[in-house]
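K.L.:
Got a file for you: target.tsv, TSV, C-alpha atoms (C1' of nucleotides).
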chain	number	residue	atom	x	y	z
G	1	MET	CA	3.54	-10.99	-33.42
G	2	PRO	CA	4.47	-11.52	-29.80
G	3	HIS	CA	8.03	-12.71	-29.36
G	4	ARG	CA	8.15	-14.89	-26.33
G	5	LYS	CA	4.56	-15.93	-26.12
G	6	PRO	CA	5.04	-19.28	-27.93
G	7	ASP	CA	7.96	-20.26	-25.68
G	8	LYS	CA	5.93	-19.44	-22.60
G	9	VAL	CA	2.98	-21.44	-23.78
G	10	ALA	CA	5.20	-24.38	-24.61
G	11	GLN	CA	6.91	-24.09	-21.26
G	12	LEU	CA	3.60	-24.16	-19.46
G	13	GLN	CA	2.34	-27.11	-21.48
G	14	LYS	CA	5.43	-29.00	-20.45
G	15	TYR	CA	4.78	-28.09	-16.82
G	16	ILE	CA	1.18	-29.19	-17.14
G	17	ALA	CA	2.04	-32.50	-18.75
G	18	SER	CA	4.67	-33.31	-16.17
G	19	HIS	CA	2.30	-32.60	-13.29
G	20	GLY	CA	-0.67	-34.65	-14.44
G	21	LEU	CA	-2.65	-31.50	-15.20
G	22	LYS	CA	-4.70	-30.75	-18.27
G	23	TRP	CA	-4.49	-28.21	-21.03
G	24	THR	CA	-7.83	-26.51	-21.56
G	25	SER	CA	-9.17	-23.89	-23.90
G	26	GLN	CA	-9.63	-21.51	-20.97
G	27	ARG	CA	-6.03	-21.88	-19.90
G	28	SER	CA	-4.94	-21.28	-23.44
G	29	VAL	CA	-6.85	-18.01	-23.63
G	30	ILE	CA	-5.68	-16.80	-20.24
G	31	VAL	CA	-2.05	-17.69	-20.69
G	32	ASN	CA	-1.85	-16.23	-24.16
G	33	ARG	CA	-3.35	-12.99	-22.93
G	34	PHE	CA	-1.13	-12.86	-19.90
G	35	PHE	CA	2.08	-13.32	-21.84
G	36	ALA	CA	1.12	-11.13	-24.77
G	37	PRO	CA	3.13	-7.92	-24.84
G	38	PRO	CA	3.27	-5.39	-23.45
G	39	HIS	CA	4.49	-7.18	-20.35
G	40	ARG	CA	2.98	-5.40	-17.46
G	41	HIS	CA	1.35	-5.68	-14.07
G	42	TYR	CA	-2.19	-6.87	-14.27
G	43	ARG	CA	-4.90	-7.01	-11.71
G	44	LEU	CA	-6.90	-10.18	-11.94
G	45	GLU	CA	-9.96	-8.23	-13.08
G	46	GLU	CA	-8.04	-6.74	-15.98
G	47	ILE	CA	-6.98	-10.12	-17.24
G	48	LEU	CA	-10.47	-11.46	-16.77
G	49	GLU	CA	-11.87	-8.65	-18.87
G	50	LYS	CA	-9.36	-9.23	-21.65
G	51	CYS	CA	-10.09	-12.94	-21.65
G	52	ARG	CA	-13.80	-12.46	-21.79
G	53	ARG	CA	-13.48	-10.58	-25.01
G	54	GLU	CA	-12.29	-13.85	-26.46
G	55	ASP	CA	-14.42	-16.27	-24.46
G	56	ALA	CA	-17.26	-14.64	-22.56
G	57	SER	CA	-17.84	-17.66	-20.35
G	58	ILE	CA	-14.47	-17.60	-18.62
G	59	SER	CA	-14.95	-17.17	-14.89
G	60	TYR	CA	-13.10	-15.22	-12.28
G	61	ALA	CA	-12.27	-18.45	-10.49
G	62	THR	CA	-10.59	-19.94	-13.52
G	63	VAL	CA	-8.45	-16.89	-14.16
G	64	TYR	CA	-7.57	-16.88	-10.49
G	65	ARG	CA	-6.61	-20.53	-10.49
G	66	THR	CA	-4.63	-20.23	-13.68
G	67	LEU	CA	-2.62	-17.29	-12.38
G	68	ILE	CA	-1.86	-19.16	-9.19
G	69	MET	CA	-0.73	-22.07	-11.30
G	70	LEU	CA	1.59	-19.76	-13.24
G	71	VAL	CA	3.04	-18.50	-9.98
G	72	GLU	CA	3.58	-22.06	-8.81
G	73	ALA	CA	5.20	-22.93	-12.09
G	74	GLY	CA	7.55	-20.00	-11.55
G	75	MET	CA	6.25	-18.23	-14.63
G	76	ALA	CA	4.61	-15.27	-12.87
G	77	TYR	CA	5.05	-13.15	-9.79
G	78	GLN	CA	2.22	-12.10	-7.57
G	79	ARG	CA	2.73	-8.74	-5.91
G	80	HIS	CA	0.60	-7.21	-3.21
G	81	PHE	CA	0.29	-3.48	-3.62
G	82	GLY	CA	-1.36	-1.39	-0.95
G	83	LYS	CA	-4.60	-2.64	0.50
G	84	GLY	CA	-4.73	-6.27	-0.46
G	85	GLN	CA	-4.66	-5.63	-4.16
G	86	SER	CA	-2.82	-8.30	-6.08
G	87	LEU	CA	-0.99	-7.62	-9.30
G	88	PHE	CA	0.44	-10.38	-11.45
G	89	GLU	CA	3.35	-9.99	-13.77
G	90	PRO	CA	5.10	-12.40	-16.08
G	91	SER	CA	8.38	-13.53	-14.63
G	92	GLY	CA	11.56	-13.70	-16.61
G	93	SER	CA	11.50	-10.06	-17.39
G	94	HIS	CA	14.48	-8.44	-15.68
G	95	HIS	CA	14.11	-7.57	-12.04
G	96	HIS	CA	12.72	-4.18	-11.23
G	97	ASP	CA	11.08	-2.13	-8.52
G	98	HIS	CA	8.18	0.28	-8.63
G	99	LEU	CA	7.53	3.98	-8.41
G	100	ILE	CA	3.85	4.65	-7.88
G	101	CYS	CA	1.89	7.87	-8.20
G	102	THR	CA	-0.42	8.24	-5.24
G	103	ASP	CA	-2.76	10.44	-7.22
G	104	CYS	CA	-3.29	8.85	-10.63
G	105	GLY	CA	-1.97	5.38	-9.82
G	106	ALA	CA	0.63	5.38	-12.58
G	107	ILE	CA	3.36	2.81	-12.09
G	108	VAL	CA	6.90	3.34	-13.32
G	109	GLU	CA	9.38	0.52	-13.19
G	110	PHE	CA	12.98	1.12	-12.29
G	111	GLU	CA	16.06	-0.87	-11.63
G	112	ASN	CA	19.06	-0.06	-9.53
G	113	GLN	CA	21.97	-2.38	-9.02
G	114	THR	CA	23.34	-0.53	-6.02
G	115	ILE	CA	20.12	-1.00	-4.11
G	116	GLU	CA	20.20	-4.70	-4.90
G	117	LYS	CA	23.71	-4.97	-3.53
G	118	ILE	CA	22.92	-3.10	-0.36
G	119	GLN	CA	19.95	-5.36	0.21
G	120	GLU	CA	22.21	-8.36	0.10
G	121	MET	CA	24.44	-6.80	2.72
G	122	VAL	CA	21.56	-5.99	5.03
G	123	VAL	CA	20.17	-9.48	4.75
G	124	LYS	CA	23.52	-11.08	5.42
G	125	LYS	CA	24.09	-8.89	8.43
G	126	HIS	CA	20.91	-10.16	10.04
G	127	GLY	CA	21.51	-13.79	9.15
G	128	PHE	CA	18.56	-14.01	6.78
G	129	LYS	CA	18.36	-15.89	3.54
G	130	LEU	CA	16.62	-13.63	1.04
G	131	THR	CA	13.80	-15.04	-1.01
G	132	HIS	CA	12.31	-11.90	-2.50
G	133	HIS	CA	11.78	-8.28	-1.77
G	134	LYS	CA	9.49	-5.43	-2.41
G	135	MET	CA	10.50	-1.87	-2.89
G	136	GLU	CA	7.94	0.72	-3.70
G	137	LEU	CA	8.39	4.45	-3.82
G	138	TYR	CA	5.20	6.46	-3.54
G	139	GLY	CA	4.77	10.06	-4.58
G	140	LEU	CA	3.30	12.44	-7.09
G	141	CYS	CA	4.26	12.04	-10.70
G	142	ALA	CA	5.21	15.08	-12.78
G	143	LYS	CA	1.71	15.44	-14.24
G	144	CYS	CA	-0.11	15.26	-10.94
G	145	GLN	CA	2.23	17.77	-9.34
G	146	LYS	CA	1.04	20.37	-11.84
G	147	LYS	CA	-2.62	19.92	-11.03
F	1	MET	CA	7.55	6.45	32.49
F	2	PRO	CA	6.94	6.91	28.80
F	3	HIS	CA	8.83	9.83	27.36
F	4	ARG	CA	6.90	11.19	24.46
F	5	LYS	CA	3.48	9.95	25.32
F	6	PRO	CA	2.31	13.20	26.93
F	7	ASP	CA	3.47	15.29	23.94
F	8	LYS	CA	1.66	12.99	21.59
F	9	VAL	CA	-1.53	13.13	23.54
F	10	ALA	CA	-1.35	16.90	23.70
F	11	GLN	CA	-0.62	17.08	20.00
F	12	LEU	CA	-3.65	14.96	19.23
F	13	GLN	CA	-5.89	16.98	21.51
F	14	LYS	CA	-4.84	20.07	19.63
F	15	TYR	CA	-5.64	18.36	16.34
F	16	ILE	CA	-9.01	17.25	17.67
F	17	ALA	CA	-9.91	20.69	18.93
F	18	SER	CA	-8.94	22.39	15.70
F	19	HIS	CA	-11.01	19.99	13.64
F	20	GLY	CA	-14.26	20.15	15.56
F	21	LEU	CA	-13.77	16.64	16.88
F	22	LYS	CA	-14.23	15.42	20.40
F	23	TRP	CA	-11.96	13.94	23.01
F	24	THR	CA	-13.41	10.78	24.49
F	25	SER	CA	-12.37	8.29	27.11
F	26	GLN	CA	-12.00	5.61	24.44
F	27	ARG	CA	-9.67	7.77	22.40
F	28	SER	CA	-7.65	8.48	25.48
F	29	VAL	CA	-7.16	4.80	26.20
F	30	ILE	CA	-6.33	3.91	22.62
F	31	VAL	CA	-3.93	6.75	22.01
F	32	ASN	CA	-2.10	6.27	25.28
F	33	ARG	CA	-1.66	2.61	24.53
F	34	PHE	CA	-0.58	3.24	21.00
F	35	PHE	CA	2.10	5.73	21.94
F	36	ALA	CA	3.35	3.91	25.00
F	37	PRO	CA	6.79	2.46	24.45
F	38	PRO	CA	8.08	0.27	23.05
F	39	HIS	CA	7.22	1.85	19.74
F	40	ARG	CA	6.43	-0.94	17.40
F	41	HIS	CA	4.20	-2.18	14.62
F	42	TYR	CA	0.82	-3.20	15.84
F	43	ARG	CA	-1.96	-5.03	14.19
F	44	LEU	CA	-5.30	-3.56	15.01
F	45	GLU	CA	-6.24	-6.66	16.97
F	46	GLU	CA	-3.19	-6.28	19.19
F	47	ILE	CA	-4.07	-2.74	20.11
F	48	LEU	CA	-7.68	-3.71	20.68
F	49	GLU	CA	-6.61	-6.40	23.09
F	50	LYS	CA	-4.37	-4.04	25.02
F	51	CYS	CA	-7.12	-1.44	25.25
F	52	ARG	CA	-9.68	-3.92	26.46
F	53	ARG	CA	-7.55	-4.73	29.44
F	54	GLU	CA	-8.22	-1.15	30.48
F	55	ASP	CA	-11.77	-0.74	29.19
F	56	ALA	CA	-13.44	-3.97	28.18
F	57	SER	CA	-16.18	-2.26	26.23
F	58	ILE	CA	-13.96	-0.67	23.60
F	59	SER	CA	-14.94	-1.93	20.19
F	60	TYR	CA	-12.96	-2.92	17.16
F	61	ALA	CA	-14.64	-0.15	15.20
F	62	THR	CA	-13.52	2.52	17.61
F	63	VAL	CA	-9.93	1.39	17.59
F	64	TYR	CA	-10.09	1.26	13.85
F	65	ARG	CA	-11.50	4.75	13.56
F	66	THR	CA	-9.04	6.16	16.05
F	67	LEU	CA	-6.07	4.70	14.24
F	68	ILE	CA	-7.33	6.11	10.95
F	69	MET	CA	-7.66	9.47	12.66
F	70	LEU	CA	-4.06	9.23	13.84
F	71	VAL	CA	-2.95	8.47	10.31
F	72	GLU	CA	-4.90	11.46	9.03
F	73	ALA	CA	-3.38	13.63	11.71
F	74	GLY	CA	0.04	12.50	10.52
F	75	MET	CA	0.78	10.85	13.83
F	76	ALA	CA	0.83	7.26	12.63
F	77	TYR	CA	1.72	5.27	9.55
F	78	GLN	CA	-0.40	2.49	8.22
F	79	ARG	CA	1.58	-0.20	6.46
F	80	HIS	CA	0.11	-2.96	4.40
F	81	PHE	CA	2.11	-6.14	4.68
F	82	GLY	CA	1.43	-8.99	2.32
F	83	LYS	CA	-2.14	-10.01	1.85
F	84	GLY	CA	-4.15	-7.07	3.13
F	85	GLN	CA	-2.78	-7.12	6.65
F	86	SER	CA	-2.44	-3.65	8.13
F	87	LEU	CA	0.12	-2.68	10.72
F	88	PHE	CA	0.13	0.69	12.41
F	89	GLU	CA	3.15	2.39	13.83
F	90	PRO	CA	3.65	5.72	15.57
F	91	SER	CA	5.22	8.23	13.25
F	92	GLY	CA	8.13	10.34	14.32
F	93	SER	CA	10.26	7.40	15.23
F	94	HIS	CA	13.27	7.37	12.95
F	95	HIS	CA	12.71	6.02	9.50
F	96	HIS	CA	13.36	2.36	8.96
F	97	ASP	CA	12.59	-0.51	6.64
F	98	HIS	CA	11.67	-4.11	7.30
F	99	LEU	CA	13.15	-7.54	7.00
F	100	ILE	CA	10.48	-10.20	7.33
F	101	CYS	CA	10.80	-13.92	7.91
F	102	THR	CA	8.45	-15.76	5.58
F	103	ASP	CA	8.30	-18.72	7.92
F	104	CYS	CA	7.81	-17.42	11.46
F	105	GLY	CA	6.72	-13.88	10.60
F	106	ALA	CA	9.44	-12.18	12.64
F	107	ILE	CA	10.05	-8.58	11.65
F	108	VAL	CA	13.45	-6.94	11.95
F	109	GLU	CA	13.82	-3.23	11.41
F	110	PHE	CA	16.80	-1.81	9.64
F	111	GLU	CA	17.97	1.49	8.38
F	112	ASN	CA	20.33	2.33	5.60
F	113	GLN	CA	21.26	5.83	4.59
F	114	THR	CA	22.66	4.86	1.23
F	115	ILE	CA	19.38	3.33	0.17
F	116	GLU	CA	17.58	6.47	1.19
F	117	LYS	CA	19.89	8.56	-0.95
F	118	ILE	CA	19.55	6.35	-3.97
F	119	GLN	CA	15.79	6.50	-3.65
F	120	GLU	CA	15.95	10.25	-3.85
F	121	MET	CA	17.95	10.00	-7.05
F	122	VAL	CA	15.56	7.54	-8.64
F	123	VAL	CA	12.58	9.67	-7.77
F	124	LYS	CA	14.17	12.82	-9.11
F	125	LYS	CA	15.13	11.10	-12.32
F	126	HIS	CA	11.50	10.26	-13.00
F	127	GLY	CA	10.16	13.67	-12.02
F	128	PHE	CA	8.28	12.37	-8.99
F	129	LYS	CA	7.88	14.05	-5.66
F	130	LEU	CA	8.38	11.38	-3.01
F	131	THR	CA	5.83	11.11	-0.22
F	132	HIS	CA	6.77	7.78	1.31
F	133	HIS	CA	8.15	4.42	0.43
F	134	LYS	CA	8.06	0.85	1.40
F	135	MET	CA	10.94	-1.53	1.35
F	136	GLU	CA	10.53	-5.03	2.57
F	137	LEU	CA	13.00	-7.85	2.30
F	138	TYR	CA	11.51	-11.30	2.69
F	139	GLY	CA	13.43	-14.40	3.56
F	140	LEU	CA	14.19	-17.01	6.17
F	141	CYS	CA	15.60	-15.84	9.46
F	142	ALA	CA	18.55	-17.65	11.02
F	143	LYS	CA	16.34	-19.79	13.26
F	144	CYS	CA	13.99	-20.91	10.54
F	145	GLN	CA	16.87	-21.80	8.23
F	146	LYS	CA	17.98	-24.42	10.75
F	147	LYS	CA	14.65	-26.19	10.90
C	1	DT	C1'	-28.31	22.87	31.63
C	2	DT	C1'	-29.28	22.37	27.01
C	3	DG	C1'	-29.05	20.77	22.42
C	4	DA	C1'	-26.58	20.30	18.06
C	5	DA	C1'	-22.98	17.58	16.45
C	6	DA	C1'	-19.62	14.00	17.02
C	7	DT	C1'	-18.80	9.31	18.74
C	8	DT	C1'	-19.77	4.75	20.10
C	9	DG	C1'	-20.75	-0.49	19.84
C	10	DA	C1'	-22.98	-3.96	17.38
C	11	DA	C1'	-23.96	-5.67	13.38
C	12	DA	C1'	-24.18	-5.60	8.56
C	13	DA	C1'	-21.77	-4.60	4.31
C	14	DC	C1'	-17.69	-4.69	1.53
C	15	DC	C1'	-14.08	-6.45	-1.15
C	16	DA	C1'	-10.69	-9.18	-2.93
C	17	DC	C1'	-9.79	-13.30	-2.76
C	18	DT	C1'	-10.32	-18.64	-1.87
C	19	DT	C1'	-12.83	-22.88	-1.60
C	20	DT	C1'	-16.64	-26.06	-2.50
C	21	DC	C1'	-19.36	-28.87	-5.41
C	22	DA	C1'	-21.85	-30.93	-9.11
C	23	DA	C1'	-21.47	-30.94	-14.00
C	24	DA	C1'	-18.40	-30.80	-18.05
C	25	DA	C1'	-14.02	-31.62	-20.45
C	26	DA	C1'	-9.47	-33.79	-21.10
C	27	DG	C1'	-6.73	-37.39	-22.34
C	28	DA	C1'	-4.92	-42.26	-21.39
C	29	DC	C1'	-6.26	-46.64	-22.65
C	30	DC	C1'	-8.63	-49.65	-25.07
N	1	DG	C1'	-13.60	-43.87	-32.73
N	2	DG	C1'	-15.65	-45.22	-27.44
N	3	DT	C1'	-14.78	-45.66	-22.19
N	4	DC	C1'	-13.44	-44.24	-17.87
N	5	DT	C1'	-10.78	-41.92	-14.39
N	6	DT	C1'	-9.13	-37.57	-13.16
N	7	DT	C1'	-8.82	-32.81	-13.66
N	8	DT	C1'	-11.20	-28.49	-14.62
N	9	DT	C1'	-14.86	-25.46	-14.82
N	10	DG	C1'	-18.53	-21.89	-13.43
N	11	DA	C1'	-21.53	-20.51	-9.96
N	12	DA	C1'	-22.08	-19.76	-5.60
N	13	DA	C1'	-20.83	-19.84	-0.95
N	14	DG	C1'	-17.16	-18.96	2.43
N	15	DT	C1'	-13.23	-16.17	4.42
N	16	DG	C1'	-10.93	-12.60	6.84
N	17	DG	C1'	-9.72	-8.18	7.47
N	18	DT	C1'	-11.51	-3.94	6.93
N	19	DT	C1'	-15.21	-0.27	6.41
N	20	DT	C1'	-19.78	1.55	6.90
N	21	DT	C1'	-24.41	2.00	8.87
N	22	DC	C1'	-27.46	3.29	12.43
N	23	DA	C1'	-29.72	4.11	16.70
N	24	DA	C1'	-28.26	5.27	21.22
N	25	DT	C1'	-24.84	7.79	23.91
N	26	DT	C1'	-21.51	11.28	24.94
N	27	DT	C1'	-19.15	15.62	24.33
N	28	DC	C1'	-18.79	20.41	24.82
N	29	DA	C1'	-19.94	25.26	23.29
N	30	DA	C1'	-23.39	28.38	24.37
Turn this file's structure into structure tokens for me.
P.N.:
Amino acid sequence: MPHRKPDKVAQLQKYIASHGLKWTSQRSVIVNRFFAPPHRHYRLEEILEKCRREDASISYATVYRTLIMLVEAGMAYQRHFGKGQSLFEPSGSHHHDHLICTDCGAIVEFENQTIEKIQEMVVKKHGFKLTHHKMELYGLCAKCQKK
Amino acid sequence: MPHRKPDKVAQLQKYIASHGLKWTSQRSVIVNRFFAPPHRHYRLEEILEKCRREDASISYATVYRTLIMLVEAGMAYQRHFGKGQSLFEPSGSHHHDHLICTDCGAIVEFENQTIEKIQEMVVKKHGFKLTHHKMELYGLCAKCQKK
DNA sequence: TTGAAATTGAAAACCACTTTCAAAAAGACC
DNA sequence: GGTCTTTTTGAAAGTGGTTTTCAATTTCAA
């Protein structure tokens, strides 16, 4: 059984109620899929495919709109990797950055406190107020180096 | 007078010759514009506009193809910012990262040796071989904070 | 000068979204 | 329960930046 899924669903229902929106069966399917472990980065198409296994009539547009709603509710992040590809990930998981294999596309998450601190310094130095950041390291993973 | 422009042009001509490609007047215009100081990030449209002041018949497609060729020759980087927007910048300039204002779009370059070192450690730890990386800090610049 | 091969400009195709719109569903109020 | 207003939905069209196609043009080695 998923751990945090119920909380997330409840949280979203609260958001929906307080914004005059409506809870629908499609949203239920999408949100449950999205927050089901393992927490990961999903392309919209991946989520769509998962959802359609449960309800074949769910459309791309609905998944799209639901994910945007999650982002607006602060319950998901939308990241743009490379050429206009969007990945969505549940928020609330600890902050992390990404290490991406340019050959096989594998994504490894990592976290480094020192980098976070240095970022703060850089931002302060230039008078910015940081809202978010993106750090991606690209290279060949161990497997692909052997090939 | 531009400093490195001549070297760059010569370097590209060598690349072109050794790959069975051809040197054309369009490529000359585009490459000279691209490598003329100040070195910066250019959207394709910006370069196109510059080039057309010199040769009004140059097409988007040609600029596009020439920039891709520069990237393949290792003489330019293509960066994808946000939603599928590409910026090109001459390679060989010192490495730097970007600080981007989410309101006015201003881009500030910065450089930090410590971050570079930590990246190396992270990559090594995960068995990757680093090819390149992207680090972007997003926030409000001083001006936009006041508004 | 010639001719095979690369390049060009214009336009069409692509792709990942994003929006539109008429029909269907939700849910507040009888 | 019904009723009615508002939101949501799926399908399809629209967007915007990029990428490819194709016939005509240009390059450059022979």
K.L.:
What's around segment 123-135 of chain G at 12 Å? Count only C-alpha atoms (C1' of nucleotides), leave out sequence neighbours fewer than 4 positions away in its own chain, and write the answer as number ranges by chain.
P.N.:
G: 77-82, 95-100, 109-112, 115-119; F: 80-82, 97-103, 106-112, 115-116, 119, 132-146
K.L.:
For chain C versus chain G, which residues have an atom no more than 9 Å away, and what is each residue's nearest atom pair and distance in Å rounded to one decimal, using only C-alpha atoms (C1' of nucleotides), chain-then-number order, as a Markdown table?
P.N.:
| residue | atom | partner | partner_atom | distance |
| --- | --- | --- | --- | --- |
| C:DA16 | C1' | G:Gly84 | CA | 7.1 |
| C:DC17 | C1' | G:Tyr64 | CA | 8.8 |
| C:DT18 | C1' | G:Ala61 | CA | 8.8 |
| C:DA25 | C1' | G:Thr24 | CA | 8.1 |
| C:DA26 | C1' | G:Lys22 | CA | 6.3 |
| C:DG27 | C1' | G:Lys22 | CA | 8.0 |
K.L.:
I need the chosen residues saved as a tab-separated table (two decimals), in the frame of the given file, with C-alpha atoms (C1' of nucleotides).
P.N.:
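Result file is result26.tsv:
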chain	number	residue	atom	x	y	z
C	16	DA	C1'	-10.69	-9.18	-2.93
C	17	DC	C1'	-9.79	-13.30	-2.76
C	18	DT	C1'	-10.32	-18.64	-1.87
C	25	DA	C1'	-14.02	-31.62	-20.45
C	26	DA	C1'	-9.47	-33.79	-21.10
C	27	DG	C1'	-6.73	-37.39	-22.34
K.L.:
Work out how far apart atom CA of Tyr60 of chain F and atom CA of Ile30 of chain F are and give it in Å to one decimal.
P.N.:
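The value is 11.0 Å.
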K.L.:
Would you mind listing what lies within 9 Å of segment 23-26 of chain N as a PyMOL selection string, with all atoms listed in the file counted and same-chain residues fewer than 3 positions away left out?
P.N.:
(chain F and resi 24) or (chain C and resi 6-8)
K.L.:
Between atom CA of Arg52 of chain F and atom CA of Thr66 of chain F, measure the distance and give it in Å to one decimal.
P.N.:
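Computing it gives 14.5 Å between the two atoms.
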K.L.:
Taking only residues of chain N that have an atom at most 10 Å from an atom of chain G, what is each one's shortest atom pair and its distance in Å to one decimal, using all atoms listed in the file, in chain and number order, as a Markdown table?
P.N.:
| residue | atom | partner | partner_atom | distance |
| --- | --- | --- | --- | --- |
| N:DT6 | C1' | G:Gly20 | CA | 9.0 |
| N:DT7 | C1' | G:Leu21 | CA | 6.5 |
| N:DT8 | C1' | G:Lys22 | CA | 7.8 |
| N:DT9 | C1' | G:Thr62 | CA | 7.1 |
| N:DG10 | C1' | G:Ser59 | CA | 6.1 |
| N:DA11 | C1' | G:Ser59 | CA | 8.9 |
| N:DG17 | C1' | G:Gly84 | CA | 9.6 |
| N:DT18 | C1' | G:Lys83 | CA | 9.5 |
K.L.:
Just the number, please: distance in Å from atom C1' of DC22 of chain N to atom CA of Leu67 of chain F, one decimal.
P.N.:
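The value is 21.5 Å.
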K.L.:
How would you write as number ranges by chain the residues that get within 10 Å of (-18.4, -15.9, 0.2) in the file's frame, counting all atoms listed in the file?
P.N.:
C: 17-19; N: 12-15
K.L.:
G:Glu89, G:Asp7, G:Glu120, G:Asp55: which is nearest Arg43 of chain G, counting all atoms listed in the file?
P.N.:
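The answer is G:Glu89, which sits nearest to Arg43 of chain G.
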K.L.:
Do you know which residues are at most 9 Å from DA13 of chain C counting all atoms listed in the file, after dropping those on the same chain fewer than 6 positions away, and could you put them as a list of chain:residue names?
P.N.:
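So, after excluding close chain neighbours, the residues are N:DT19, N:DT20, N:DT21.
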K.L.:
Would you mind listing what lies within 7 Å of Tyr42 of chain G as a PyMOL selection string, with all atoms listed in the file counted and same-chain residues fewer than 5 positions away left out?
P.N.:
chain G and resi 47+87-89
K.L.:
F:Val9, F:Ala36, F:Met121, F:Val71: which is nearest chain G, counting all atoms listed in the file?
P.N.:
F:Met121
K.L.:
Each side padded by 8 Å, which centre and which edge lengths in Å (one decimal) define the axis-aligned box around the listed atoms of segment 16-28 of chain N? Give them as AutoDock Vina command-line options.
P.N.:
--center_x -19.7 --center_y 3.9 --center_z 15.7 --size_x 36.0 --size_y 49.0 --size_z 34.5
